[in-house]
>>> print(open('start.txt').read())   # compact mmCIF, C-alpha atoms
# COMPACT_ATOMS: atom_id res chain seq x y z
CA MET A 1 -11.73 53.58 -6.98
CA THR A 2 -11.41 50.81 -9.60
CA ALA A 3 -9.52 48.52 -7.22
CA GLY A 4 -12.20 48.97 -4.55
CA PHE A 5 -14.92 48.19 -7.09
CA ILE A 6 -13.15 44.98 -8.17
CA LYS A 7 -12.66 43.89 -4.54
CA GLY A 8 -16.32 44.53 -3.81
CA LEU A 9 -17.39 42.60 -6.91
CA LEU A 10 -15.13 39.70 -5.94
CA LEU A 11 -16.53 39.68 -2.40
CA LEU A 12 -20.09 39.76 -3.72
CA SER A 13 -19.47 36.87 -6.14
CA LEU A 14 -17.84 34.75 -3.41
CA THR A 15 -20.80 35.42 -1.12
CA LEU A 16 -23.24 34.34 -3.81
CA VAL A 17 -21.28 31.16 -4.50
CA VAL A 18 -21.23 30.24 -0.82
CA TRP A 19 -24.96 30.87 -0.45
CA THR A 20 -25.86 28.91 -3.58
CA LEU A 21 -23.86 25.77 -2.83
CA PRO A 22 -26.14 23.04 -1.51
CA ILE A 23 -25.05 21.48 1.74
CA ASP A 24 -26.13 17.96 2.51
CA ARG A 25 -25.32 17.49 6.17
CA ASN A 26 -26.44 13.85 6.15
CA ALA A 27 -24.39 12.84 3.13
CA GLU A 28 -21.99 9.94 3.58
CA PRO A 29 -18.47 10.18 2.17
CA PRO A 30 -17.99 8.51 -1.21
CA GLN A 31 -17.54 4.72 -1.13
CA GLU A 32 -13.83 4.95 -2.04
CA GLU A 33 -13.07 7.20 0.92
CA ARG A 34 -14.86 4.88 3.35
CA LEU A 35 -13.00 1.85 2.00
CA GLU A 36 -9.68 3.66 2.31
CA GLU A 37 -10.35 4.48 5.96
CA ASN A 38 -11.30 0.89 6.78
CA ALA A 39 -8.51 -0.63 4.71
CA ASP A 40 -5.76 0.06 7.25
CA THR A 41 -4.56 -3.30 8.48
CA GLY A 42 -2.28 -1.90 11.17
CA LEU A 43 0.70 -3.65 9.59
CA TYR A 44 3.94 -1.71 9.27
CA TYR A 45 3.89 -2.53 5.57
CA ASP A 46 0.20 -1.68 5.09
CA ARG A 47 0.85 0.92 2.40
CA TYR A 48 3.04 -1.48 0.43
CA LEU A 49 0.40 -4.19 0.71
CA ARG A 50 -2.39 -1.88 -0.50
CA GLU A 51 -0.28 -0.58 -3.40
CA VAL A 52 0.62 -4.11 -4.53
CA ILE A 53 -3.06 -5.10 -4.48
CA GLU A 54 -4.03 -1.96 -6.40
CA VAL A 55 -1.44 -2.62 -9.09
CA LEU A 56 -2.36 -6.29 -9.41
CA GLU A 57 -6.02 -5.40 -9.80
CA THR A 58 -5.21 -3.19 -12.79
CA ASP A 59 -4.41 -6.34 -14.77
CA PRO A 60 -7.71 -7.80 -16.10
CA HIS A 61 -6.44 -11.41 -16.12
CA PHE A 62 -5.16 -11.28 -12.54
CA ARG A 63 -8.26 -9.45 -11.31
CA GLU A 64 -10.44 -12.19 -12.83
CA LYS A 65 -8.35 -14.92 -11.18
CA LEU A 66 -8.47 -13.07 -7.86
CA GLN A 67 -12.25 -12.78 -7.99
CA THR A 68 -12.73 -16.46 -8.81
CA ALA A 69 -10.08 -17.77 -6.38
CA ASN A 70 -11.13 -19.24 -3.07
CA THR A 71 -9.36 -18.59 0.22
CA ASP A 72 -7.33 -21.80 0.03
CA ASP A 73 -5.98 -20.86 -3.43
CA ILE A 74 -4.84 -17.52 -2.07
CA LYS A 75 -3.34 -18.84 1.18
CA SER A 76 -1.57 -21.76 -0.50
CA GLY A 77 0.19 -19.50 -2.99
CA ARG A 78 -1.48 -20.96 -6.08
CA LEU A 79 -2.68 -17.49 -6.99
CA SER A 80 0.89 -16.17 -7.03
CA LYS A 81 1.65 -18.41 -10.02
CA GLU A 82 -0.66 -16.13 -12.05
CA LEU A 83 1.86 -13.33 -11.57
CA ASP A 84 3.82 -14.68 -14.56
CA LEU A 85 0.84 -13.87 -16.80
CA VAL A 86 0.35 -10.20 -15.87
CA GLY A 87 1.22 -7.40 -18.28
CA HIS A 88 4.69 -5.90 -18.54
CA HIS A 89 3.55 -2.51 -17.20
CA VAL A 90 2.14 -4.24 -14.10
CA ARG A 91 5.41 -6.10 -13.49
CA THR A 92 7.39 -2.91 -13.96
CA ARG A 93 5.24 -1.08 -11.41
CA LEU A 94 5.51 -4.00 -8.93
CA ASP A 95 9.30 -3.97 -9.31
CA GLU A 96 9.29 -0.26 -8.57
CA LEU A 97 7.10 -0.74 -5.50
CA LYS A 98 9.39 -3.45 -4.17
CA ARG A 99 12.49 -1.29 -4.61
CA GLN A 100 10.73 1.55 -2.76
CA GLU A 101 9.75 -0.80 0.08
CA VAL A 102 13.30 -2.16 0.40
CA SER A 103 14.62 1.39 0.44
CA ARG A 104 12.07 2.44 3.08
CA LEU A 105 12.97 -0.50 5.31
CA ARG A 106 16.69 0.17 4.92
CA MET A 107 16.15 3.78 5.98
CA LEU A 108 14.12 2.69 9.01
CA LEU A 109 16.74 0.13 9.97
CA LYS A 110 19.55 2.66 9.62
CA ALA A 111 17.64 5.21 11.70
CA LYS A 112 16.99 2.61 14.38
CA LEU A 113 20.65 1.58 14.47
CA ASP A 114 21.78 5.22 14.54
CA SER A 115 19.39 6.06 17.39
CA THR A 116 20.75 3.35 19.68
CA ASN A 117 24.22 3.12 21.04
CA THR A 118 25.22 -0.31 19.71
CA GLN A 119 27.96 -0.72 22.34
CA SER A 120 25.62 -0.52 25.32
CA VAL A 121 22.38 -1.92 23.84
CA GLN A 122 21.96 -5.51 22.76
CA MET A 123 20.17 -5.57 19.39
CA ASP A 124 17.33 -8.00 18.84
CA HIS A 125 18.34 -9.21 15.38
CA ALA A 126 15.37 -11.55 15.07
CA SER A 127 12.88 -8.68 15.43
CA LEU A 128 14.85 -6.62 12.93
CA LEU A 129 14.76 -9.45 10.40
CA ARG A 130 11.01 -9.89 10.92
CA GLN A 131 10.55 -6.47 9.35
CA PHE A 132 11.74 -7.97 6.06
CA GLU A 133 9.77 -11.22 6.19
CA HIS A 134 7.20 -10.01 3.64
CA LEU A 135 9.96 -9.66 1.01
CA ASP A 136 12.18 -12.20 -0.74
CA PRO A 137 15.60 -11.56 0.82
CA HIS A 138 17.47 -13.06 -2.13
CA ASN A 139 15.99 -10.70 -4.69
CA GLN A 140 15.69 -7.04 -3.76
CA ASN A 141 15.12 -5.57 -7.23
CA THR A 142 12.23 -7.40 -8.86
CA PHE A 143 8.81 -8.47 -7.64
CA GLU A 144 8.42 -12.21 -8.23
CA ALA A 145 5.87 -14.89 -7.35
CA LYS A 146 7.90 -15.62 -4.19
CA ASP A 147 7.30 -12.03 -3.02
CA LEU A 148 3.56 -12.40 -3.47
CA GLU A 149 3.64 -15.72 -1.60
CA LEU A 150 5.58 -14.17 1.29
CA LEU A 151 3.29 -11.15 1.41
CA ILE A 152 0.21 -13.37 1.54
CA ALA A 153 1.82 -15.70 4.09
CA THR A 154 2.83 -12.89 6.47
CA VAL A 155 -0.62 -11.28 6.29
CA THR A 156 -2.44 -14.58 6.89
CA ASN A 157 -0.05 -15.58 9.71
CA ILE A 158 -0.53 -12.27 11.48
CA GLN A 159 -4.30 -12.38 11.07
CA SER A 160 -4.47 -15.92 12.47
CA MET A 161 -2.57 -14.95 15.64
CA PRO A 162 -4.68 -14.54 18.81
>>> encode(input="start.txt", output="structure tokens")
Amino acid sequence: MTAGFIKGLLLLSLTLVVWTLPIDRNAEPPQEERLEENADTGLYYDRYLREVIEVLETDPHFREKLQTANTDDIKSGRLSKELDLVGHHVRTRLDELKRQEVSRLRMLLKAKLDSTNTQSVQMDHASLLRQFEHLDPHNQNTFEAKDLELLIATVTNIQSMP
């Protein structure tokens, strides 16, 4: 009898909560959710790009430079020189992101090579290498100004294509 009473009380309280919650059917999702939905660039490294931008914007100095920079400063790579002035925690996080991206691309490459019979299929090495063009191939462990330049260059080159 006590268990039935508790279940009934629980059911009654849940019903009251559901009835008392206001529902705004015309409400728009919060601004952050809308930006996240629209932020997808369609690039295969979109997540990496967004994470790098997020981390860079956590540094007040870099965020200020980014806000005051014009398009030419960004496209020319002048903004990437400011990377040397960001905080240590930002650099550490960028290094970690780069290592994760290199690891992700290696896994994808290995899966692609494993899925094809290399004896009967001719591999398009140029297209495979293009998957790494947003990263500095000579440094796979740390995120440097060259990585930011390459990331910006690949995004701007792809966006300027017809």
>>> closest_atom_pairs(input="start.txt", of="stretch 65-118 of chain A", to="stretch 132-153 of chain A", cutoff="8 Å", atoms="only C-alpha atoms", output="JSON lines")
{"residue": "A:Ile74", "atom": "CA", "partner": "A:Ile152", "partner_atom": "CA", "distance": 7.5}
{"residue": "A:Lys75", "atom": "CA", "partner": "A:Ile152", "partner_atom": "CA", "distance": 6.5}
{"residue": "A:Gly77", "atom": "CA", "partner": "A:Glu149", "partner_atom": "CA", "distance": 5.3}
{"residue": "A:Ser80", "atom": "CA", "partner": "A:Ala145", "partner_atom": "CA", "distance": 5.2}
{"residue": "A:Lys81", "atom": "CA", "partner": "A:Ala145", "partner_atom": "CA", "distance": 6.1}
{"residue": "A:Leu83", "atom": "CA", "partner": "A:Ala145", "partner_atom": "CA", "distance": 6.0}
{"residue": "A:Asp84", "atom": "CA", "partner": "A:Ala145", "partner_atom": "CA", "distance": 7.5}
{"residue": "A:Arg91", "atom": "CA", "partner": "A:Phe143", "partner_atom": "CA", "distance": 7.2}
{"residue": "A:Leu94", "atom": "CA", "partner": "A:Phe143", "partner_atom": "CA", "distance": 5.7}
{"residue": "A:Asp95", "atom": "CA", "partner": "A:Thr142", "partner_atom": "CA", "distance": 4.5}
{"residue": "A:Glu96", "atom": "CA", "partner": "A:Thr142", "partner_atom": "CA", "distance": 7.7}
{"residue": "A:Lys98", "atom": "CA", "partner": "A:Phe143", "partner_atom": "CA", "distance": 6.1}
{"residue": "A:Arg99", "atom": "CA", "partner": "A:Asn141", "partner_atom": "CA", "distance": 5.7}
{"residue": "A:Val102", "atom": "CA", "partner": "A:Gln140", "partner_atom": "CA", "distance": 6.8}
{"residue": "A:Leu105", "atom": "CA", "partner": "A:Phe132", "partner_atom": "CA", "distance": 7.6}
>>> atom_distance(input="start.txt", atom1="atom CA of A:Pro60", atom2="atom CA of A:Gly87")
9.2 Å
>>> residues_around(input="start.txt", residues="A:Leu66", least_positions_apart="5", cutoff="9 Å", atoms="all atoms listed in the file", output="short mmCIF file (atom, residue, chain, number, x, y, z; two decimals) with C-alpha atoms, in the frame of the given file")
data_model
loop_
_atom_site.label_atom_id
_atom_site.label_comp_id
_atom_site.auth_asym_id
_atom_site.auth_seq_id
_atom_site.Cartn_x
_atom_site.Cartn_y
_atom_site.Cartn_z
CA GLU A 57 -6.02 -5.40 -9.80
CA HIS A 61 -6.44 -11.41 -16.12
CA ILE A 74 -4.84 -17.52 -2.07
CA LEU A 79 -2.68 -17.49 -6.99
#
>>> atom_distance(input="start.txt", atom1="atom CA of A:Val55", atom2="atom CA of A:Leu109")
26.5 Å
>>> atom_distance(input="start.txt", atom1="atom CA of A:Glu51", atom2="atom CA of A:Asp114")
29.0 Å
>>> closest_residue(input="start.txt", among="A:Glu54, A:Met107, A:Thr71, A:Glu64", to="A:Thr156", atoms="all atoms listed in the file")
A:Thr71
>>> closest_residue(input="start.txt", among="A:Gln131, A:Gln100, A:Thr116, A:Val90", to="A:Ile53", atoms="all atoms listed in the file")
A:Val90
